[in-house]
Every structure is written in structure tokens, then in C-alpha cells.
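What follows is a set of notes on a single structure, which appears directly below.
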Amino acid sequence: MPAPTKQPVQDLVKTIHDAFAPLNGLAANYRIGADEVISSGVAIRGISVEGSLRGGNITLKNLAVADAAGMSLQGSGAFLGQKDVPEFKNLKLGVTAKDLRPLVKLTGITLPAPAANYKSMKVDVALNGAITGPDIDASLSNSTLQVALKGQLQDLLGDAPGLKGDISAQAGSLNRALPLVAPTYTPSGDLGRLALQGTVDGNAKNVAINIAKLAVGSFQTSGTVKMDAAGARTKLDVSLKGGKLKVDPFIPASKQASLDVPRTGMRRAALPAFDNALLTRVDARDGTPWDDNVIDVSALRLIDGTIAITLDQLDYDHFSLINPDLSVKMDQGLVTIDKLTGKLGDGPLAISGTFDARKDTPKLDLTGTLDNADVAKVFPIRVANDDVTGRAGTKFTVTATGKSSRALVKALNGTANFALKDIRFSNADKRSADPKLDLQALLRQGPAAMVVEGVGNNDLLRTLDADLKITNGIVKTTRVDATSRVGTADADATIDLPKWIMDTEADFDFSEKIEDLPPFSVYAKGKIDDPAISGRMDKVAVKTLENLLGKALGGKNSDSSSESQSSGDKAKDAAKGVLKGLLNQFGR
């Protein structure tokens with residue numbers, strides 16, 4: 001920080017000396033008391049002042065004010081006005097307020113939160129040293145938040161007064177402290193305690209904060225924050241490093257009515273249940289997560305700068321991004337994401353792009369890749385007693401423009417690729433390596449056994465490579481290549497993000513290796529967060545049993561019109577006809 005200019009300081013020192021000149025040679029004690037003094041319409045009650053004078057040196061033994069705009073004051077110390085540069089000597093001032101409503105009404109000052117939120121506030125300040133730059137020891141506290149500052153005021157009589165020193169803050173519960181600093185923000189979970197330790201150096205236009213420790217709950221990090229407001233545009237540079245952060249409790253609590261549909265029954269058993277209800281919460285008005293609230297991006301046009309954040313781990317619901325590394329630049333409303341990298345499900349993730357807020361309608365452009373991620377960690381799926389294992393990857397390039405989340409998703413366009421490989425069921429190695437039907441399970445448990453205990457446990461899908469096209473928020477497959485260990489597989493999907501619905505079909509043909517099993521399809525339709533899974537496995541079971549019975553009762557088809565059928569063939573055909581009729585009833 002530049003040194004204060006000497007001439008203004010010298011002029012002010014001379015003014016102070018001139019003001020105290022009539023006191024030269026005077027020595028006296030003073031005591032002043034008043035029940036009430038009214039000044040500018042404000043009643044000041046219970047005033048008591050006691051001290052002594054020695055020329056221009058004034059000692060304050062005791063200052064007490066019972067009530068001044070809802071506040072009480074206590075003070076003591078000395079002002080040495082005869083020094084070449086006047087100075088404070090152990091000057092202490094304490095202020096206590098039940099709340100700040102009277103002060104705000106009197107002064108018209110603006111606070112971050114309603115004045116009634118600031119209850120039982122206490123401020124203590126101690127000054128020592130020359131008035132040009134005294135040492136300061138100050139604290140602000142109430143039952144929820146405590147802030148302390150110890151250092152030196154700089155250029156106090158100059159054009160840009162500043163401060164250099166140590167700063168600390170703590171709160172037993174950050175949730176309880178938020179109404180004082182961010183009254184409109186209500187987190188969805190318990191943030192835990194707050195602890196801050198660091199140093200500050202600067203003034204109102206140019207300040208640097210070195211964060212030695214920032215702890216919120218179990219999260220702890222360190223870094224620097226620099227702000228330069230001396231130019232035409234404010235510049236902000238933020239750098240944080242280290243710590244394991246769980247995002248879930250920081251997400252603002254939803255103020256919308258929601259539809260939470262419980263996942264029950266076999267049709268929904270294959271999908272993961274998210275720990276965070278916000279991931280699956282939908283707006284009760286239209287059954288989607290989107291809303292029409294305008295996204296205010298005007299603040300991004302006021303600040304330039306950089307953001308660099310490197311953490312040990314970033315958790316959201318069951319997703320964990322290991323060693324996330326974020327680098328962002330801000331320039332006149334254009335936010336450039338140079339990189340967001342890390343490991344998601346043990347696979348490398350890389351995202352870059354821009355968020356253009358130079359106009360009131362922002363535009364988003366993103367490109368990203370995820371390679372060789374563990375399916376069980378990224379998107380855990382369970383079928384009966386099996387967990388789906390394997391590796392997954394994706395590449396995407398998307399763009400969207402809109403003033404709200406609903407407008408953005410309706411304008412979402414781009415392309416993507418999705419790939420799966422080495423897909424297996426977790427218990428597959430415990431079963432026969434040969435694909436086969438479990439006929440006993442089929443007859444005992446019904447058609448669902450064909451997937452649960454039959455073909456499904458022999459790993460239906462091995463690899464999948466799909467190209468996707470996104471048009472106005474609707475995702476469609478344009479190419480799908482799939483392989484299966486026991487046959488062929490194909491898929492077709494349409495996901496309507498604006499309406500929050502999906503319509504997917506997966507087709508399987510295992511007849512080459514399991515000749516008694518006809519081709520079949522599995523469908524997932526309905527809400528994206530809660531689709532209905534179906535496959536008409538009862539019809540497949542009927543056809544499978546029909547084929548098996550046909551072999552058992554004879555090799556000829558009962559529909560044959562051959563005139564050379566023997567009487568024995570006719571009897572077998574009659575028996576098969578009766579069984580087929582029963583099976584058709586079973587399949588309805």
C-alpha cells in the first residue's frame with residue numbers, strides 16, 4: 001500500500017494542535033452527568049463522563065451512556081493531543097445493542113439483513129498509537145457469530161484509509177449465522193460450524209485476503225482473495241486449494257411444491273435411488289424440475305477476474321469427483337471455463353466452455369469428456385440380487401440460450417456419444433458360464449424369472465456405443481452398436497428433457513445360442529426420474545415353453561396340413577393344442 005502523502009497529514013495535525021492550544025497550561029478533572037439529552041430529535045439517556053485534562057492531553061476514565069438509539073456505550077482511555085503526531089493511548093470503546101432497528105431508523109443505513117435480525121450485538125474497539133496509523137484490536141459478536149480483527153490502520157488521515165492485520169471469524173452453526181449476512185439464502189441441509197483465520201491487507205478499493213484456514217463443517221481449505229476496484233471495472237481473483245466438500249447441504253432449499261413418487265415394485269427395482277431428494281424432485285405444476293424464474297446475470301457484467309479452485313474431493317449425492325481442478329476467467333460478462341477436470345468414478349473427466357452473460361439472455365456452450373468410468377460408482381444399477389458392473393464413457397458438445405432453466409433446456413442443442421464396455425452382473429461368475437434357461441425357476445416363479453434368474457444373469461449386454469443428437473432439449477439416438485455375450489442387442493431411445501419423459505427400447509436376440517428363447521424387447525417409459533420398466537416377458541415365456549413342449553411332444557408342427565400324418569402324430573398335435581391354449585391363457 002502506498003505511503004500517505006505528507007502534506008494533508010501535516011495540515012490535519014496542525015489543525016488538531018491549534019484546536020487544543022487554548023488548553024495549554026490547563027490541568028483539571030472533569031465529571032459530567034445527565035439524565036437525558038435530546039439532540040436532533042434523538043434522546044440520549046443516562047450519560048456519565050469522567051476524566052482529566054493536562055493541556056492537550058485528555059484522559060477518559062469512564063464513559064457510560066445507558067441508551068442512545070437503542071444502544072449502550074462504555075469507554076475509557078486517553079488522547080495525547082500535545083504529541084508531535086497526536087496519538088491514542090489504550091482508547092477503548094464498547095457498544096451493545098439489543099437490536100439495530102432504532103439505529104437504522106435514525107441513520108438510514110443499509111444492512112445485509114433486516115435490522116431485527118441483529119440481536120444482542122456487541123462491538124469492542126481498542127486503539128493505540130499515532131492517529132495516522134494506530135494499532136487496532138476490534139471484535140463484533142452476538143450469540144451466533146463472532147468476528148475479530150487485530151492489526152494496524154493505515155493512511156487513516158489520507159485519501160484511502162486501509163488496514164493490515166489478522167482476521168478471524170467463527171460460528172457454532174453457519175445456518176444460524178446466515179440470516180445476518182445472507183437472509184434470502186436457505187440451505188437445504190446442515191452446513192455445520194464456520195471457522196476462518198487469515199490476514200487482510202488493503203483498503204476499500206484494493207484489498208488482499210490471505211486465507212490460512214476456512215472451515216465449514218468438515219470441509220477445510222485455504223487460499224487467497226484479491227479485489228481491485230480502483231479502475232473502471234472491479235477485478236476479483238479467487239484461489240482456493242485443498243479440502244473435501246459435499247455440495248448437497250449448500251443447495252438452496254426448494255420453495256416449490258414437489259411430487260415425490262416412491263420407487264416400489266419390480267418394475268422400478270433396476271434404477272438407483274438418489275440420496276438427495278433435490279435430484280429427483282419435480283415441480284408439481286407440470287411434473288418437471290424446470291421453472292420460469294429469470295436468471296439474473298447482471299452482476300457478472302460488473303466484475304472481471306479469475307477463479308482457481310483445486311480440491312481433494314467434491315461430493316454430490318452419490319457422485320464423487322476426485323481432485324477437481326477448476327479454472328475460470330471473467331471478462332465483461334463473458335465467463336470462460338478454461339478447465340474443469342478430475343476423476344469421476346475413477347475415470348478422467350474434462351469440461352470446458354463459456355457462459356456468455358454480456359446480454360440479459362445468457363448463452364451456454366459446453367464441451368466435455370468422461371472416459372473409462374466405473375458404472376457402479378457413477379450410476380449404480382441393481383437388478384434382483386445383481387449389481388451392474390463395467391466401464392462407461394461419454395463425449396458431448398452442447399449449447400443453450402435462455403433466461404430461465406426452462407428456457408435453457410428448451411433451447412438445448414448439440415451432440416453426444418455414450419459408450420459402455422465390459423458390462424457384467426456382479427454375481428455372474430458364481431453361475432454357469434454356459435447361457436441357458438432355468439426352466440424350473442420359470443415354472444416356479446413365473447415370467448419374471450426369465451430375466452431375474454434366467455437370461456438376465458448371463459449378462460445380456462457386453463458393450464454399447466451410441467451417438468445422440470440433441471434438438472431443442474430432445475435427445476434421440478442416431479446410431480447404436482451393441483454386443484451381448486449370448487447374442488445380439490440393439491436399442492433406440494428418445495429423452496424429452498423439457499417434458500421430463502423418456503421412451504426407450506432395447507431389443508435382444510439370443511436364439512443363436514439359446515435356441516428355445518425367442519427375440520424379446522425391454523422398455524423404459526415415463527418420467528425420467530421414475531420410468532416404468534417392462535418387457536412383456538410373459539409372452540416370451542409362453543413362446544419359450546411352447547417351443548420346449550413342441551420338442552417334447554414331437555418334432556412336427558400341429559398346424560401341418562400334411563395328409564400323411566399318422567394317428568400318433570394327430571394325437572400329439574391334439575395334446576400340443578390343448579397345452580398351447582393353456583399357455584395362451586397364462587400369457588394374457
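We name chains A, B, ... following the order of the C-alpha cells; residues begin at 1 in each chain, and ligands are numbered from 1 as shown.
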Discussion item. When you look at Asp291 in chain A with a cut-off of 9 Å (counting only C-alpha atoms), what residues show up, excluding the ones that are within fewer than 4 positions of it in the same chain? I need them as a count of residues only.
Written reply: 5
Using only C-alpha atoms, which protein or nucleic acid residues come within 9 Å of range 226-231 of chain A? Drop anything in the same chain fewer than 6 positions from it, and give the result as a PDB file with C-alpha atoms, in the first residue's frame.
```pdb
ATOM      1  CA  ALA A 204     -11.881  -0.210   0.259  1.00  0.00           C
ATOM      2  CA  LYS A 205     -10.598  -0.134  -3.339  1.00  0.00           C
ATOM      3  CA  ASN A 206      -7.742  -2.599  -3.232  1.00  0.00           C
ATOM      4  CA  VAL A 207      -7.636  -5.463  -0.745  1.00  0.00           C
ATOM      5  CA  ALA A 208      -5.977  -8.869  -0.457  1.00  0.00           C
ATOM      6  CA  ILE A 209      -7.152 -11.557   1.967  1.00  0.00           C
ATOM      7  CA  ASN A 210      -4.871 -14.487   2.639  1.00  0.00           C
ATOM      8  CA  ASP A 237      -9.223 -13.028  -8.185  1.00  0.00           C
ATOM      9  CA  VAL A 238     -10.066 -16.082  -6.061  1.00  0.00           C
ATOM     10  CA  SER A 239      -7.781 -19.045  -5.426  1.00  0.00           C
ATOM     11  CA  GLY A 305     -11.182 -11.641 -12.718  1.00  0.00           C
TER      12      GLY A 305
END
```
Worksheet item: Within 10 Å of Ser139 in chain A, counting only C-alpha atoms, which residues qualify if same-chain residues fewer than 4 places away don't, as a PyMOL selection string?
Response: chain A and resi 94+122-126+146-150+167-169
Item to complete: Using only C-alpha atoms, find the one residue out of A:Asp67, A:Asp248, A:Glu512, A:Asp304 that sits nearest to Pro187 in chain A.
Response: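 Result for the nearest residue to Pro187 in chain A: A:Asp248.
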Worksheet item: What are the DSSP strand (DSSP E or B) residues of range 295-436 of chain A, as a VMD selection string?
Response: chain A and resid 303 to 310 313 to 316 319 to 331 334 to 344 347 to 356 363 to 374 382 to 383 386 to 401 413 to 425
Fill in: Those in range 93-336 of chain A with alpha helix (DSSP H) from DSSP, as a list of chain:residue names
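The alpha helix (DSSP H) residues within range 93-336 of chain A come out as A:Arg101, A:Pro102, A:Leu103, A:Val104, A:Lys105, A:Leu106, A:Thr107, A:Leu174, A:Asn175, A:Arg176, A:Ala177, A:Leu178, A:Pro179, A:Leu180, A:Val181.
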Let's have the selection written as a PDB file, in the first residue's frame, with C-alpha atoms.
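What ended up in selection.pdb:
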```
ATOM      1  CA  ARG A 101     -33.798  -1.180  14.409  1.00  0.00           C
ATOM      2  CA  PRO A 102     -33.541   2.191  16.221  1.00  0.00           C
ATOM      3  CA  LEU A 103     -30.094   2.838  14.709  1.00  0.00           C
ATOM      4  CA  VAL A 104     -31.255   2.037  11.174  1.00  0.00           C
ATOM      5  CA  LYS A 105     -34.342   4.222  11.612  1.00  0.00           C
ATOM      6  CA  LEU A 106     -32.183   7.107  12.835  1.00  0.00           C
ATOM      7  CA  THR A 107     -29.342   6.907  10.333  1.00  0.00           C
ATOM      8  CA  LEU A 174     -23.388 -21.396   9.946  1.00  0.00           C
ATOM      9  CA  ASN A 175     -27.102 -21.964   9.350  1.00  0.00           C
ATOM     10  CA  ARG A 176     -27.928 -19.773  12.343  1.00  0.00           C
ATOM     11  CA  ALA A 177     -25.466 -17.076  11.229  1.00  0.00           C
ATOM     12  CA  LEU A 178     -26.726 -16.852   7.633  1.00  0.00           C
ATOM     13  CA  PRO A 179     -29.747 -14.620   8.486  1.00  0.00           C
ATOM     14  CA  LEU A 180     -27.197 -11.922   9.422  1.00  0.00           C
ATOM     15  CA  VAL A 181     -25.276 -11.925   6.137  1.00  0.00           C
TER      16      VAL A 181
END
```
Discussion item. So that I can check the surroundings of range 323-330 of chain A, please list as a list in words every protein, DNA and RNA residue that reaches within 7 Å of it, counting only C-alpha atoms and ignoring chain neighbours fewer than 3 positions away.
Written reply: Asp304, Gly305, Thr306, Ile307, Ala308, Ile309, Thr310, Leu311, Asp312, Gln313, Leu314, Gly333, Leu334, Val335, Thr336, Ile337, Asp338, Lys339, Leu340, Thr341, Gly342 and Lys343 of chain A
Store the residues picked out above in a file with N, CA and C atoms, as a PDB file, in the first residue's frame.
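In the end it all went to selection.pdb:
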```pdb
ATOM      1  N   ASP A 304     -14.656  -8.412 -13.336  1.00  0.00           N
ATOM      2  CA  ASP A 304     -13.691  -9.192 -14.109  1.00  0.00           C
ATOM      3  C   ASP A 304     -12.808  -9.948 -13.122  1.00  0.00           C
ATOM      4  N   GLY A 305     -12.104 -10.952 -13.623  1.00  0.00           N
ATOM      5  CA  GLY A 305     -11.182 -11.641 -12.718  1.00  0.00           C
ATOM      6  C   GLY A 305     -10.995 -13.092 -13.066  1.00  0.00           C
ATOM      7  N   THR A 306     -10.495 -13.831 -12.085  1.00  0.00           N
ATOM      8  CA  THR A 306     -10.195 -15.248 -12.265  1.00  0.00           C
ATOM      9  C   THR A 306     -10.632 -16.020 -11.032  1.00  0.00           C
ATOM     10  N   ILE A 307     -10.972 -17.282 -11.249  1.00  0.00           N
ATOM     11  CA  ILE A 307     -11.297 -18.201 -10.164  1.00  0.00           C
ATOM     12  C   ILE A 307     -10.503 -19.479 -10.401  1.00  0.00           C
ATOM     13  N   ALA A 308      -9.732 -19.878  -9.416  1.00  0.00           N
ATOM     14  CA  ALA A 308      -8.961 -21.120  -9.500  1.00  0.00           C
ATOM     15  C   ALA A 308      -9.207 -21.911  -8.221  1.00  0.00           C
ATOM     16  N   ILE A 309      -9.853 -23.069  -8.363  1.00  0.00           N
ATOM     17  CA  ILE A 309     -10.198 -23.888  -7.205  1.00  0.00           C
ATOM     18  C   ILE A 309      -9.704 -25.311  -7.451  1.00  0.00           C
ATOM     19  N   THR A 310      -8.879 -25.798  -6.538  1.00  0.00           N
ATOM     20  CA  THR A 310      -8.379 -27.167  -6.590  1.00  0.00           C
ATOM     21  C   THR A 310      -8.679 -27.827  -5.254  1.00  0.00           C
ATOM     22  N   LEU A 311      -9.541 -28.849  -5.277  1.00  0.00           N
ATOM     23  CA  LEU A 311      -9.943 -29.528  -4.050  1.00  0.00           C
ATOM     24  C   LEU A 311      -9.443 -30.972  -4.060  1.00  0.00           C
ATOM     25  N   ASP A 312      -9.550 -31.605  -2.911  1.00  0.00           N
ATOM     26  CA  ASP A 312      -9.215 -33.021  -2.824  1.00  0.00           C
ATOM     27  C   ASP A 312     -10.369 -33.884  -3.328  1.00  0.00           C
ATOM     28  N   GLN A 313     -11.596 -33.441  -3.040  1.00  0.00           N
ATOM     29  CA  GLN A 313     -12.756 -34.234  -3.447  1.00  0.00           C
ATOM     30  C   GLN A 313     -13.996 -33.351  -3.403  1.00  0.00           C
ATOM     31  N   LEU A 314     -14.885 -33.555  -4.369  1.00  0.00           N
ATOM     32  CA  LEU A 314     -16.147 -32.833  -4.450  1.00  0.00           C
ATOM     33  C   LEU A 314     -17.262 -33.865  -4.542  1.00  0.00           C
ATOM     34  N   GLY A 333     -18.586  -9.850 -18.502  1.00  0.00           N
ATOM     35  CA  GLY A 333     -19.782 -10.674 -18.614  1.00  0.00           C
ATOM     36  C   GLY A 333     -19.574 -11.994 -19.322  1.00  0.00           C
ATOM     37  N   LEU A 334     -18.420 -12.203 -19.922  1.00  0.00           N
ATOM     38  CA  LEU A 334     -18.117 -13.480 -20.574  1.00  0.00           C
ATOM     39  C   LEU A 334     -17.327 -14.341 -19.590  1.00  0.00           C
ATOM     40  N   VAL A 335     -17.945 -15.432 -19.159  1.00  0.00           N
ATOM     41  CA  VAL A 335     -17.310 -16.359 -18.231  1.00  0.00           C
ATOM     42  C   VAL A 335     -16.756 -17.531 -19.035  1.00  0.00           C
ATOM     43  N   THR A 336     -15.443 -17.691 -19.007  1.00  0.00           N
ATOM     44  CA  THR A 336     -14.790 -18.761 -19.751  1.00  0.00           C
ATOM     45  C   THR A 336     -14.302 -19.829 -18.784  1.00  0.00           C
ATOM     46  N   ILE A 337     -14.819 -21.038 -18.956  1.00  0.00           N
ATOM     47  CA  ILE A 337     -14.365 -22.170 -18.156  1.00  0.00           C
ATOM     48  C   ILE A 337     -13.185 -22.792 -18.893  1.00  0.00           C
ATOM     49  N   ASP A 338     -11.983 -22.410 -18.507  1.00  0.00           N
ATOM     50  CA  ASP A 338     -10.800 -22.960 -19.168  1.00  0.00           C
ATOM     51  C   ASP A 338     -10.702 -24.456 -18.950  1.00  0.00           C
ATOM     52  N   LYS A 339     -11.031 -24.884 -17.732  1.00  0.00           N
ATOM     53  CA  LYS A 339     -11.000 -26.317 -17.473  1.00  0.00           C
ATOM     54  C   LYS A 339     -11.747 -26.647 -16.186  1.00  0.00           C
ATOM     55  N   LEU A 340     -12.381 -27.797 -16.210  1.00  0.00           N
ATOM     56  CA  LEU A 340     -12.877 -28.459 -15.020  1.00  0.00           C
ATOM     57  C   LEU A 340     -12.493 -29.917 -15.185  1.00  0.00           C
ATOM     58  N   THR A 341     -11.512 -30.335 -14.416  1.00  0.00           N
ATOM     59  CA  THR A 341     -11.007 -31.694 -14.558  1.00  0.00           C
ATOM     60  C   THR A 341     -11.063 -32.418 -13.220  1.00  0.00           C
ATOM     61  N   GLY A 342     -10.950 -33.731 -13.285  1.00  0.00           N
ATOM     62  CA  GLY A 342     -10.953 -34.564 -12.099  1.00  0.00           C
ATOM     63  C   GLY A 342     -11.222 -35.996 -12.494  1.00  0.00           C
ATOM     64  N   LYS A 343     -11.456 -36.833 -11.506  1.00  0.00           N
ATOM     65  CA  LYS A 343     -11.785 -38.225 -11.763  1.00  0.00           C
ATOM     66  C   LYS A 343     -13.165 -38.532 -11.209  1.00  0.00           C
TER      67      LYS A 343
END
```
Worksheet item: What's the 6 Å shell around range 503-510 of chain A, counting only C-alpha atoms, without same-chain residues fewer than 3 positions away, as a list of chain:residue names?
Response: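 What passes the distance filter is A:Val486, A:Gly487, A:Thr488, A:Ala489, A:Asp490, A:Ala491, A:Asp492, A:Ala493, A:Thr494, A:Lys513, A:Ile514, A:Pro519, A:Phe520, A:Ser521, A:Val522, A:Tyr523, A:Ala524, A:Lys525.
Put simply, CA of Pro112 in chain A is 17.1 Å away from CA of Ala97 in chain A.
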Worksheet item: With distances taken over only C-alpha atoms, which of A:Leu73, A:Ala350, A:Ala130, A:Val216 is nearest to Val247 in chain A?
Response: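 Nearest candidate to Val247 in chain A out of A:Leu73, A:Ala350, A:Ala130, A:Val216: A:Val216.
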